[in-house]
Amino acid sequence: MYQTLLTLAIVGYVVATGLALAYLVLRDELIHRLASLATLAGWVLHTVALLALALDLGRPPLGSLPEAVWVAVWVVVLLEMWLERRYGLPVLGAFVLPVAVALSLQSMPVRPLIAPTLRGAWVWVHILLALVGIAAFVLNFAGALMYLLQERQLKTKRPGALYYRLPALETLDRLTYRTLALGFPFLTIGLILGVLWAGAAWGSVFAFDPLALLSFVAWAVYAATLAGRAAAGWHGRRAAYFAILGFAVLALTLGAGLFLPGRHGG
Amino acid sequence: MSLFVAGLSHRNAPVELREQLAVDEDKLRELLRDAAASGTVREVLVLSTCNRVEVYAVADVPGEARAALFRRLCRHRGVETAPVEALLYTHADAEAVRHAFRVASSLDSMMLGEPQILGQVKDAFALAQTCETVGPALHTLFTQAFAVAKKVRTETEIARHAVSVSFAAVELAKKIFAGLDGKAVLLVGAGKMSELAARHLVEHGAFPIYVTNRTWARAQEMARALAGTAVPFDELATALAAVDIVITSTGAPEPVIKRAMVQRIIHARRGRPLFFIDIAVPRDVEDAVDTLNDVYCYDIDDLKQVVDANIRERVREAHRAEALVDREVAKFLARLGDVEVIPTIVSLRERLEAIRSGEVKRTLARLPAATPETREAIEALSTAIVNKILHAPITKLRESSRAGSSRSWLELVHELFGLGRK
């Protein structure tokens, strides 16, 4: 049941991605409306699928990393739809949806798996907070990418298709800052809970877990960016490069969790 | 009865000829009334701008009506008819509808998407209305043309991006800053063009305005004109630190804004972008300034490049607009229902015209002594008879198609007049 629904949701996201990219090039309002519709349809299916999965499992669908990534994608799409309206950014989908699709495809097929050690409310909170943080960083990455593209258009003085579609540099810089400020506390508390819980469950924190190690590297990159922004007045290109670096590490972290053996399942 | 448009425009006629044919409003009134009174046209509207002179009309014999209208027009302006006749384009029925839609939507304009033409068409329509030369056909056509023009403007970006240097500068500013509200502007040098650009920025919320100039009196004068503040020229570097947009237009032979000068203030700005609009030639802003982070320098050539890109955008959008117009023409014709009866009406008219001209020719051959007046009278007589005969069946055909029962009527007309298969 949830397998079919998830597959349908992916189809919705893939269609939405195609339309969003087409909109970037063709700039037809109708295409944008269709893309929004496909996104919303995919997300509704996704919601139903997650509910079905939770009912089927009798617990939140966060017990394995693939499940958790599914929830992260759900948050990413929700944030995308919200920020698109909030900032009046019809092109946002073209930058966020491909990442969402890539993440969902990595986690197919879903393999429900309950690690025997996963018990207690804290572990769910740990997973959920980390996921919301990751979702915010997907948007952070998209904002940084858009900033760099628009900055390049303005510096080279050769307005291309993107120049007309992308918003002002200030808007993009603000979007990047805010998504960073939103994601960072979630990731931080999520990681702290993970450390505390790992210490309690296994007695050691990092032993043989590539995901945990890499996630601290990602956290450090984001912490440095936030500190730079807040204290040293970092902004614009430099902040954008760091956002992209942070997201690259984060992607690596998830990849390690999905494909390498460790406590987060493989 | 048939709708047609005939005229000449920037596409096919040189400006010398267009300006000779342009008619003022009073004369237009007279022209419209005369044309209507002569009986050659049932409805008529004349669109006369510096880029086109066009006549939209509904007439029983379009060819004749067209010739009469332009003879009248040329006579009034003292222009030879023959060269004008040779240049005229004519579109009838569906093509005339498309032409009206395209003109009103600014798709046939010299500058795609320019906003004036729609107003000019509306004026021409209003004038024809006051002269009572607008009937049901032109009324329906132009009301729809205005709606289509509005649709083209809102659904495509044909009129969106700036095609003037000063507006292009404003658009660029909006791609750098999240909004122009409260963005401070500094004018270095006082020229007409920088004043224009500054005014555009103010219209979009930029405030306050500072003006500096080597001549203090000139700075004060310009500051007054823009409701800004004059700043002494030697405080230029300080002023730079406080503003977001700088428009330079001095006559200085050397750059007045140096890299070192901007670099000193850049740190204190804490990442606020600085946008230079350099419209001076030779340039006022040193090349190297552009290499600084958060600084965007556009000289006059850069701005022109942006304008060129914007025009290319308009051309791209024009393709979408053409498709939209195509759809609207089809919808319009379908609504009128004439689309299925027009071919029959055309062949019916051709058929009777062939008979008429054949018979006239034969008759005139037998009357070698006929004077030109007689010949013309015979032409007019036969044309009038044909038109009178045609009137009832054509009206019936149009009515039937609007009522959705044209099929049997079409067959009947084909049988009665021996038109052959449709």
# chains A, B, ... in the order shown; residues from 1 in each chain; ligands from 1
>>> residues_around(residues="stretch 151-153 of chain B", least_positions_apart="3", cutoff="9 Å", atoms="only C-alpha atoms", output="ChimeraX atom specification")
/B:105,113,146-148,156-160,320-322,324-325
>>> residues_around(residues="stretch 67-80 of chain B", least_positions_apart="5", cutoff="7 Å", atoms="only C-alpha atoms", output="list in words")
Gln20, Leu21 and Ala35 of chain B
>>> select_by_dssp(residues="stretch 238-411 of chain B", states="strand (DSSP E or B)", output="ChimeraX atom specification")
/B:245-248,257,274-278,285,295-299
>>> write_last_selection(atoms="all heavy atoms", output="compact mmCIF listing (two decimals), in the first residue's frame")
# COMPACT_ATOMS: atom_id res chain seq x y z
N ILE B 245 23.24 53.44 -4.39
CA ILE B 245 23.28 53.54 -5.86
C ILE B 245 23.96 54.84 -6.23
O ILE B 245 23.66 55.89 -5.67
CB ILE B 245 21.85 53.51 -6.45
CG1 ILE B 245 21.15 52.21 -6.05
CG2 ILE B 245 21.89 53.66 -7.96
CD1 ILE B 245 19.66 52.22 -6.32
N VAL B 246 24.93 54.76 -7.15
CA VAL B 246 25.67 55.95 -7.57
C VAL B 246 25.49 56.12 -9.07
O VAL B 246 25.73 55.17 -9.83
CB VAL B 246 27.17 55.81 -7.24
CG1 VAL B 246 27.91 57.09 -7.62
CG2 VAL B 246 27.37 55.49 -5.77
N ILE B 247 25.03 57.29 -9.49
CA ILE B 247 24.91 57.57 -10.92
C ILE B 247 25.96 58.62 -11.27
O ILE B 247 25.95 59.71 -10.73
CB ILE B 247 23.51 58.11 -11.26
CG1 ILE B 247 22.42 57.18 -10.74
CG2 ILE B 247 23.37 58.31 -12.76
CD1 ILE B 247 21.02 57.75 -10.86
N THR B 248 26.88 58.26 -12.17
CA THR B 248 27.94 59.21 -12.51
C THR B 248 27.78 59.69 -13.93
O THR B 248 27.47 58.91 -14.84
CB THR B 248 29.33 58.57 -12.36
OG1 THR B 248 29.42 57.47 -13.26
CG2 THR B 248 29.57 58.09 -10.94
N ILE B 257 35.99 58.07 -9.78
CA ILE B 257 35.82 57.04 -8.75
C ILE B 257 36.91 56.00 -8.92
O ILE B 257 36.94 55.30 -9.93
CB ILE B 257 34.43 56.37 -8.86
CG1 ILE B 257 33.32 57.42 -8.99
CG2 ILE B 257 34.22 55.36 -7.73
CD1 ILE B 257 32.48 57.67 -7.81
N LEU B 274 26.85 47.83 -3.55
CA LEU B 274 26.98 49.19 -4.07
C LEU B 274 26.86 49.10 -5.60
O LEU B 274 27.57 48.33 -6.24
CB LEU B 274 28.34 49.76 -3.66
CG LEU B 274 28.62 51.23 -3.97
CD1 LEU B 274 27.56 52.16 -3.39
CD2 LEU B 274 30.00 51.62 -3.43
N PHE B 275 25.96 49.88 -6.14
CA PHE B 275 25.65 49.78 -7.57
C PHE B 275 26.03 51.09 -8.26
O PHE B 275 25.50 52.14 -7.93
CB PHE B 275 24.15 49.49 -7.72
CG PHE B 275 23.67 49.39 -9.15
CD1 PHE B 275 24.50 48.95 -10.18
CD2 PHE B 275 22.35 49.71 -9.46
CE1 PHE B 275 24.04 48.84 -11.48
CE2 PHE B 275 21.88 49.60 -10.76
CZ PHE B 275 22.72 49.18 -11.77
N PHE B 276 27.00 50.99 -9.20
CA PHE B 276 27.40 52.17 -9.96
C PHE B 276 26.75 52.16 -11.34
O PHE B 276 26.86 51.18 -12.08
CB PHE B 276 28.93 52.18 -10.16
CG PHE B 276 29.69 52.55 -8.92
CD1 PHE B 276 30.26 51.57 -8.12
CD2 PHE B 276 29.83 53.89 -8.56
CE1 PHE B 276 30.97 51.91 -6.98
CE2 PHE B 276 30.55 54.23 -7.40
CZ PHE B 276 31.11 53.24 -6.62
N ILE B 277 26.08 53.25 -11.66
CA ILE B 277 25.54 53.42 -13.01
C ILE B 277 26.36 54.54 -13.64
O ILE B 277 26.20 55.70 -13.29
CB ILE B 277 24.04 53.81 -12.95
CG1 ILE B 277 23.24 52.76 -12.18
CG2 ILE B 277 23.49 53.99 -14.35
CD1 ILE B 277 21.88 53.27 -11.72
N ASP B 278 27.26 54.14 -14.52
CA ASP B 278 28.20 55.12 -15.08
C ASP B 278 27.77 55.47 -16.50
O ASP B 278 28.03 54.72 -17.45
CB ASP B 278 29.61 54.50 -15.06
CG ASP B 278 30.67 55.49 -15.52
OD1 ASP B 278 30.30 56.64 -15.84
OD2 ASP B 278 31.84 55.09 -15.57
N VAL B 285 33.95 55.78 -13.64
CA VAL B 285 34.31 54.77 -12.66
C VAL B 285 35.42 53.91 -13.25
O VAL B 285 35.29 53.37 -14.35
CB VAL B 285 33.10 53.87 -12.29
CG1 VAL B 285 33.48 52.86 -11.23
CG2 VAL B 285 31.93 54.72 -11.83
N VAL B 295 30.25 44.97 -5.35
CA VAL B 295 30.18 46.19 -6.15
C VAL B 295 29.79 45.80 -7.57
O VAL B 295 30.35 44.86 -8.14
CB VAL B 295 31.53 46.93 -6.16
CG1 VAL B 295 31.47 48.14 -7.08
CG2 VAL B 295 31.90 47.35 -4.74
N TYR B 296 28.81 46.49 -8.12
CA TYR B 296 28.35 46.21 -9.48
C TYR B 296 28.42 47.49 -10.28
O TYR B 296 27.78 48.48 -9.94
CB TYR B 296 26.92 45.65 -9.45
CG TYR B 296 26.86 44.41 -8.59
CD1 TYR B 296 26.60 44.48 -7.22
CD2 TYR B 296 27.16 43.17 -9.14
CE1 TYR B 296 26.63 43.35 -6.43
CE2 TYR B 296 27.19 42.03 -8.35
CZ TYR B 296 26.92 42.13 -6.99
OH TYR B 296 26.96 41.00 -6.22
N CYS B 297 29.27 47.48 -11.31
CA CYS B 297 29.46 48.68 -12.13
C CYS B 297 28.90 48.46 -13.52
O CYS B 297 29.31 47.53 -14.21
CB CYS B 297 30.95 48.97 -12.31
SG CYS B 297 31.74 49.47 -10.83
N TYR B 298 28.01 49.30 -13.92
CA TYR B 298 27.48 49.21 -15.28
C TYR B 298 27.76 50.52 -16.00
O TYR B 298 27.31 51.57 -15.57
CB TYR B 298 25.97 48.92 -15.25
CG TYR B 298 25.67 47.46 -15.07
CD1 TYR B 298 25.90 46.84 -13.85
CD2 TYR B 298 25.20 46.68 -16.12
CE1 TYR B 298 25.66 45.49 -13.67
CE2 TYR B 298 24.94 45.33 -15.96
CZ TYR B 298 25.17 44.74 -14.73
OH TYR B 298 24.93 43.40 -14.57
N ASP B 299 28.55 50.43 -17.09
CA ASP B 299 28.76 51.63 -17.89
C ASP B 299 27.71 51.65 -19.00
O ASP B 299 26.88 50.75 -19.10
CB ASP B 299 30.20 51.70 -18.42
CG ASP B 299 30.52 50.55 -19.36
OD1 ASP B 299 29.61 50.08 -20.07
OD2 ASP B 299 31.70 50.13 -19.40
>>> interface_residues(of="chain A", to="chain B", cutoff="9 Å", atoms="only C-alpha atoms", output="list in words")
Asp28, Glu29, Gln150, Glu151, Leu154, Lys155, Lys157, Arg158, Pro159, Gly160, Ala161, Tyr163, Tyr164, Leu166, Pro167, Ala168, Leu169, Glu170, Thr171, Leu172, Ala232, Gly233, Trp234, His235, Gly236 and Arg237 of chain A
>>> residues_around(residues="B:Gln116", least_positions_apart="2", cutoff="12 Å", atoms="only C-alpha atoms", output="number ranges by chain")
B: 49-51, 103-106, 109-114, 118-123, 149, 159
>>> write_last_selection(atoms="C-alpha atoms", output="compact mmCIF listing (two decimals), in the first residue's frame")
# COMPACT_ATOMS: atom_id res chain seq x y z
CA THR B 49 -0.22 57.36 -36.12
CA CYS B 50 3.33 58.24 -37.04
CA ASN B 51 3.99 54.58 -37.75
CA VAL B 103 -1.80 46.00 -33.93
CA ALA B 104 -3.68 46.63 -30.66
CA SER B 105 -1.38 44.17 -28.86
CA SER B 106 1.67 46.03 -30.11
CA SER B 109 4.84 47.97 -33.58
CA MET B 110 8.33 49.17 -34.38
CA MET B 111 9.24 48.57 -30.72
CA LEU B 112 7.51 45.35 -29.70
CA GLY B 113 5.31 45.79 -26.69
CA GLU B 114 5.36 49.60 -26.67
CA LEU B 118 -3.27 50.59 -27.65
CA GLY B 119 -4.20 54.13 -26.59
CA GLN B 120 -4.00 55.28 -30.20
CA VAL B 121 -6.30 52.48 -31.35
CA LYS B 122 -8.72 53.35 -28.55
CA ASP B 123 -8.66 57.00 -29.61
CA ALA B 149 -4.25 43.43 -26.06
CA ALA B 159 6.14 44.73 -22.30
>>> atom_distance(atom1="atom CA of A:Ala49", atom2="atom CA of A:Leu5")
5.2 Å
>>> residues_around(residues="B:Val55", least_positions_apart="4", cutoff="10 Å", atoms="only C-alpha atoms", output="list in words")
Phe4, Val5, Ala6, Gly7, Leu8, Leu32, Val44, Leu45, Val46, Leu47, Ser48, Arg66, Leu69, Phe70 and Thr90 of chain B
>>> write_last_selection(atoms="N, CA, C and O atoms", output="JSON list (two decimals), in the first residue's frame")
[["chain", "number", "residue", "atom", "x", "y", "z"],
["B", 4, "PHE", "N", -12.56, 44.42, -43.91],
["B", 4, "PHE", "CA", -11.17, 44.43, -44.39],
["B", 4, "PHE", "C", -10.41, 45.55, -43.72],
["B", 4, "PHE", "O", -10.99, 46.48, -43.15],
["B", 5, "VAL", "N", -9.07, 45.42, -43.78],
["B", 5, "VAL", "CA", -8.21, 46.50, -43.33],
["B", 5, "VAL", "C", -7.21, 46.73, -44.45],
["B", 5, "VAL", "O", -6.71, 45.78, -45.05],
["B", 6, "ALA", "N", -6.96, 48.00, -44.74],
["B", 6, "ALA", "CA", -5.95, 48.33, -45.75],
["B", 6, "ALA", "C", -5.15, 49.49, -45.22],
["B", 6, "ALA", "O", -5.67, 50.36, -44.51],
["B", 7, "GLY", "N", -3.86, 49.50, -45.54],
["B", 7, "GLY", "CA", -3.06, 50.61, -45.06],
["B", 7, "GLY", "C", -1.59, 50.43, -45.35],
["B", 7, "GLY", "O", -1.20, 49.52, -46.08],
["B", 8, "LEU", "N", -0.82, 51.30, -44.74],
["B", 8, "LEU", "CA", 0.63, 51.15, -44.85],
["B", 8, "LEU", "C", 1.22, 51.48, -43.48],
["B", 8, "LEU", "O", 0.62, 52.21, -42.70],
["B", 32, "LEU", "N", -14.10, 60.45, -42.23],
["B", 32, "LEU", "CA", -14.98, 59.36, -41.81],
["B", 32, "LEU", "C", -16.42, 59.63, -42.25],
["B", 32, "LEU", "O", -17.09, 58.75, -42.80],
["B", 44, "VAL", "N", -16.65, 52.28, -40.87],
["B", 44, "VAL", "CA", -15.26, 52.62, -41.16],
["B", 44, "VAL", "C", -14.57, 53.24, -39.95],
["B", 44, "VAL", "O", -15.21, 53.92, -39.14],
["B", 45, "LEU", "N", -13.27, 52.93, -39.83],
["B", 45, "LEU", "CA", -12.45, 53.49, -38.75],
["B", 45, "LEU", "C", -11.08, 53.75, -39.36],
["B", 45, "LEU", "O", -10.56, 52.92, -40.11],
["B", 46, "VAL", "N", -10.51, 54.90, -39.03],
["B", 46, "VAL", "CA", -9.17, 55.21, -39.55],
["B", 46, "VAL", "C", -8.20, 55.33, -38.39],
["B", 46, "VAL", "O", -8.47, 56.04, -37.42],
["B", 47, "LEU", "N", -7.09, 54.58, -38.49],
["B", 47, "LEU", "CA", -6.04, 54.65, -37.47],
["B", 47, "LEU", "C", -4.86, 55.38, -38.10],
["B", 47, "LEU", "O", -4.27, 54.89, -39.06],
["B", 48, "SER", "N", -4.54, 56.55, -37.55],
["B", 48, "SER", "CA", -3.45, 57.33, -38.14],
["B", 48, "SER", "C", -2.45, 57.69, -37.04],
["B", 48, "SER", "O", -2.75, 58.48, -36.16],
["B", 66, "ARG", "N", -11.94, 50.34, -50.67],
["B", 66, "ARG", "CA", -10.55, 50.64, -50.36],
["B", 66, "ARG", "C", -10.01, 51.73, -51.28],
["B", 66, "ARG", "O", -9.43, 52.71, -50.82],
["B", 69, "LEU", "N", -11.56, 55.10, -50.44],
["B", 69, "LEU", "CA", -11.08, 55.67, -49.18],
["B", 69, "LEU", "C", -9.69, 56.28, -49.35],
["B", 69, "LEU", "O", -9.42, 57.38, -48.89],
["B", 70, "PHE", "N", -8.81, 55.55, -50.01],
["B", 70, "PHE", "CA", -7.45, 56.06, -50.13],
["B", 70, "PHE", "C", -7.35, 57.19, -51.16],
["B", 70, "PHE", "O", -6.51, 58.07, -51.05],
["B", 90, "THR", "N", -3.56, 44.71, -47.75],
["B", 90, "THR", "CA", -4.99, 44.54, -47.46],
["B", 90, "THR", "C", -5.21, 43.18, -46.85],
["B", 90, "THR", "O", -4.65, 42.19, -47.32]]
>>> select_by_dssp(residues="stretch 65-287 of chain B", states="alpha helix (DSSP H)", output="VMD selection string")
chain B and resid 65 to 77 81 to 87 93 to 104 116 to 130 136 to 155 165 to 176 192 to 203 216 to 225 236 to 242 259 to 266
>>> residues_around(residues="B:Leu236", least_positions_apart="6", cutoff="12 Å", atoms="only C-alpha atoms", output="list in words")
Leu186, Leu187, Val188, Gly189, Tyr210, Val211, Thr212, Asn213, Arg214, Ala230, Ala242, Val243, Val246, Thr248, Val256, Ile257, Lys258, Met261, Val262 and Ile265 of chain B
>>> write_last_selection(atoms="N, CA and C atoms", output="tab-separated table (two decimals), in the first residue's frame")
chain	number	residue	atom	x	y	z
B	186	LEU	N	23.26	58.61	-4.99
B	186	LEU	CA	24.18	59.74	-5.13
B	186	LEU	C	24.39	60.03	-6.62
B	187	LEU	N	24.16	61.27	-7.00
B	187	LEU	CA	24.44	61.69	-8.37
B	187	LEU	C	25.77	62.41	-8.40
B	188	VAL	N	26.70	61.90	-9.21
B	188	VAL	CA	27.99	62.56	-9.36
B	188	VAL	C	27.99	63.19	-10.74
B	189	GLY	N	27.96	64.50	-10.79
B	189	GLY	CA	27.79	65.19	-12.07
B	189	GLY	C	26.31	65.36	-12.32
B	210	TYR	N	21.34	62.41	-2.99
B	210	TYR	CA	22.44	63.36	-2.82
B	210	TYR	C	22.98	63.72	-4.20
B	211	VAL	N	23.39	64.98	-4.32
B	211	VAL	CA	23.96	65.42	-5.60
B	211	VAL	C	25.30	66.08	-5.33
B	212	THR	N	26.28	65.67	-6.12
B	212	THR	CA	27.55	66.37	-6.00
B	212	THR	C	28.03	66.74	-7.40
B	213	ASN	N	28.77	67.84	-7.48
B	213	ASN	CA	29.22	68.33	-8.77
B	213	ASN	C	30.41	69.25	-8.51
B	214	ARG	N	31.30	69.32	-9.51
B	214	ARG	CA	32.45	70.22	-9.33
B	214	ARG	C	31.98	71.66	-9.18
B	230	ALA	N	22.56	68.71	-1.69
B	230	ALA	CA	23.83	68.91	-2.39
B	230	ALA	C	24.98	68.58	-1.45
B	242	ALA	N	27.76	56.20	2.33
B	242	ALA	CA	26.41	56.29	2.87
B	242	ALA	C	25.32	55.90	1.87
B	243	VAL	N	25.68	55.65	0.61
B	243	VAL	CA	24.63	55.43	-0.38
B	243	VAL	C	24.67	54.01	-0.95
B	246	VAL	N	24.93	54.76	-7.15
B	246	VAL	CA	25.67	55.95	-7.57
B	246	VAL	C	25.49	56.12	-9.07
B	248	THR	N	26.88	58.26	-12.17
B	248	THR	CA	27.94	59.21	-12.51
B	248	THR	C	27.78	59.69	-13.93
B	256	VAL	N	36.68	59.56	-11.91
B	256	VAL	CA	36.64	60.27	-10.63
B	256	VAL	C	36.43	59.28	-9.47
B	257	ILE	N	35.99	58.07	-9.78
B	257	ILE	CA	35.82	57.04	-8.75
B	257	ILE	C	36.91	56.00	-8.92
B	258	LYS	N	37.81	55.95	-7.94
B	258	LYS	CA	38.95	55.03	-8.06
B	258	LYS	C	38.74	53.80	-7.19
B	261	MET	N	39.53	54.19	-3.47
B	261	MET	CA	38.50	54.99	-2.81
B	261	MET	C	37.32	54.11	-2.38
B	262	VAL	N	36.89	53.21	-3.27
B	262	VAL	CA	35.75	52.34	-2.97
B	262	VAL	C	36.16	51.27	-1.98
B	265	ILE	N	35.88	52.15	1.69
B	265	ILE	CA	34.55	52.24	2.31
B	265	ILE	C	33.82	50.90	2.34
>>> residues_around(residues="B:Glu221", least_positions_apart="3", cutoff="12 Å", atoms="only C-alpha atoms", output="VMD selection string")
chain B and resid 189 to 191 195 210 to 213 215 to 218 224 to 231
>>> residues_around(residues="B:Gln144", least_positions_apart="5", cutoff="9 Å", atoms="only C-alpha atoms", output="NGL selection string")
:B and (101 or 139 or 149 or 328 or 332)
>>> decode(residues="stretch 132-140 of chain A", atoms="all heavy atoms", output="PDB file, in the first residue's frame")
ATOM      1  N   VAL A 132      14.576  17.709  10.261  1.00  0.00           N
ATOM      2  CA  VAL A 132      14.096  19.063   9.965  1.00  0.00           C
ATOM      3  C   VAL A 132      15.286  19.956   9.635  1.00  0.00           C
ATOM      4  O   VAL A 132      15.254  20.757   8.694  1.00  0.00           O
ATOM      5  CB  VAL A 132      13.278  19.630  11.147  1.00  0.00           C
ATOM      6  CG1 VAL A 132      12.922  21.084  10.891  1.00  0.00           C
ATOM      7  CG2 VAL A 132      12.011  18.810  11.351  1.00  0.00           C
ATOM      8  N   GLY A 133      16.371  19.787  10.401  1.00  0.00           N
ATOM      9  CA  GLY A 133      17.601  20.535  10.120  1.00  0.00           C
ATOM     10  C   GLY A 133      18.079  20.268   8.705  1.00  0.00           C
ATOM     11  O   GLY A 133      18.339  21.203   7.932  1.00  0.00           O
ATOM     12  N   ILE A 134      18.154  19.001   8.318  1.00  0.00           N
ATOM     13  CA  ILE A 134      18.615  18.634   6.973  1.00  0.00           C
ATOM     14  C   ILE A 134      17.717  19.258   5.905  1.00  0.00           C
ATOM     15  O   ILE A 134      18.193  19.806   4.912  1.00  0.00           O
ATOM     16  CB  ILE A 134      18.656  17.100   6.830  1.00  0.00           C
ATOM     17  CG1 ILE A 134      19.805  16.543   7.695  1.00  0.00           C
ATOM     18  CG2 ILE A 134      18.853  16.691   5.378  1.00  0.00           C
ATOM     19  CD1 ILE A 134      19.768  15.039   7.851  1.00  0.00           C
ATOM     20  N   ALA A 135      16.397  19.203   6.167  1.00  0.00           N
ATOM     21  CA  ALA A 135      15.456  19.770   5.193  1.00  0.00           C
ATOM     22  C   ALA A 135      15.724  21.268   5.011  1.00  0.00           C
ATOM     23  O   ALA A 135      15.752  21.776   3.887  1.00  0.00           O
ATOM     24  CB  ALA A 135      14.022  19.542   5.660  1.00  0.00           C
ATOM     25  N   ALA A 136      15.947  21.970   6.109  1.00  0.00           N
ATOM     26  CA  ALA A 136      16.233  23.406   6.008  1.00  0.00           C
ATOM     27  C   ALA A 136      17.517  23.640   5.223  1.00  0.00           C
ATOM     28  O   ALA A 136      17.623  24.599   4.451  1.00  0.00           O
ATOM     29  CB  ALA A 136      16.340  24.020   7.398  1.00  0.00           C
ATOM     30  N   PHE A 137      18.496  22.721   5.376  1.00  0.00           N
ATOM     31  CA  PHE A 137      19.756  22.900   4.661  1.00  0.00           C
ATOM     32  C   PHE A 137      19.623  22.613   3.173  1.00  0.00           C
ATOM     33  O   PHE A 137      20.409  23.117   2.369  1.00  0.00           O
ATOM     34  CB  PHE A 137      20.865  22.055   5.302  1.00  0.00           C
ATOM     35  CG  PHE A 137      21.295  22.613   6.631  1.00  0.00           C
ATOM     36  CD1 PHE A 137      21.273  21.850   7.782  1.00  0.00           C
ATOM     37  CD2 PHE A 137      21.680  23.946   6.724  1.00  0.00           C
ATOM     38  CE1 PHE A 137      21.648  22.389   9.000  1.00  0.00           C
ATOM     39  CE2 PHE A 137      22.058  24.496   7.947  1.00  0.00           C
ATOM     40  CZ  PHE A 137      22.034  23.712   9.090  1.00  0.00           C
ATOM     41  N   VAL A 138      18.643  21.813   2.795  1.00  0.00           N
ATOM     42  CA  VAL A 138      18.378  21.636   1.356  1.00  0.00           C
ATOM     43  C   VAL A 138      17.948  22.978   0.764  1.00  0.00           C
ATOM     44  O   VAL A 138      18.434  23.408  -0.285  1.00  0.00           O
ATOM     45  CB  VAL A 138      17.287  20.568   1.116  1.00  0.00           C
ATOM     46  CG1 VAL A 138      16.885  20.546  -0.353  1.00  0.00           C
ATOM     47  CG2 VAL A 138      17.777  19.188   1.548  1.00  0.00           C
ATOM     48  N   LEU A 139      17.084  23.688   1.477  1.00  0.00           N
ATOM     49  CA  LEU A 139      16.638  25.005   1.023  1.00  0.00           C
ATOM     50  C   LEU A 139      17.794  26.014   1.066  1.00  0.00           C
ATOM     51  O   LEU A 139      17.928  26.876   0.200  1.00  0.00           O
ATOM     52  CB  LEU A 139      15.494  25.511   1.909  1.00  0.00           C
ATOM     53  CG  LEU A 139      14.059  25.135   1.543  1.00  0.00           C
ATOM     54  CD1 LEU A 139      13.731  25.681   0.162  1.00  0.00           C
ATOM     55  CD2 LEU A 139      13.788  23.659   1.580  1.00  0.00           C
ATOM     56  N   ASN A 140      18.642  25.867   2.086  1.00  0.00           N
ATOM     57  CA  ASN A 140      19.811  26.720   2.237  1.00  0.00           C
ATOM     58  C   ASN A 140      20.724  26.561   1.027  1.00  0.00           C
ATOM     59  O   ASN A 140      21.200  27.544   0.435  1.00  0.00           O
ATOM     60  CB  ASN A 140      20.534  26.311   3.527  1.00  0.00           C
ATOM     61  CG  ASN A 140      21.790  27.121   3.797  1.00  0.00           C
ATOM     62  OD1 ASN A 140      22.888  26.599   3.690  1.00  0.00           O
ATOM     63  ND2 ASN A 140      21.631  28.388   4.130  1.00  0.00           N
TER      64      ASN A 140
END
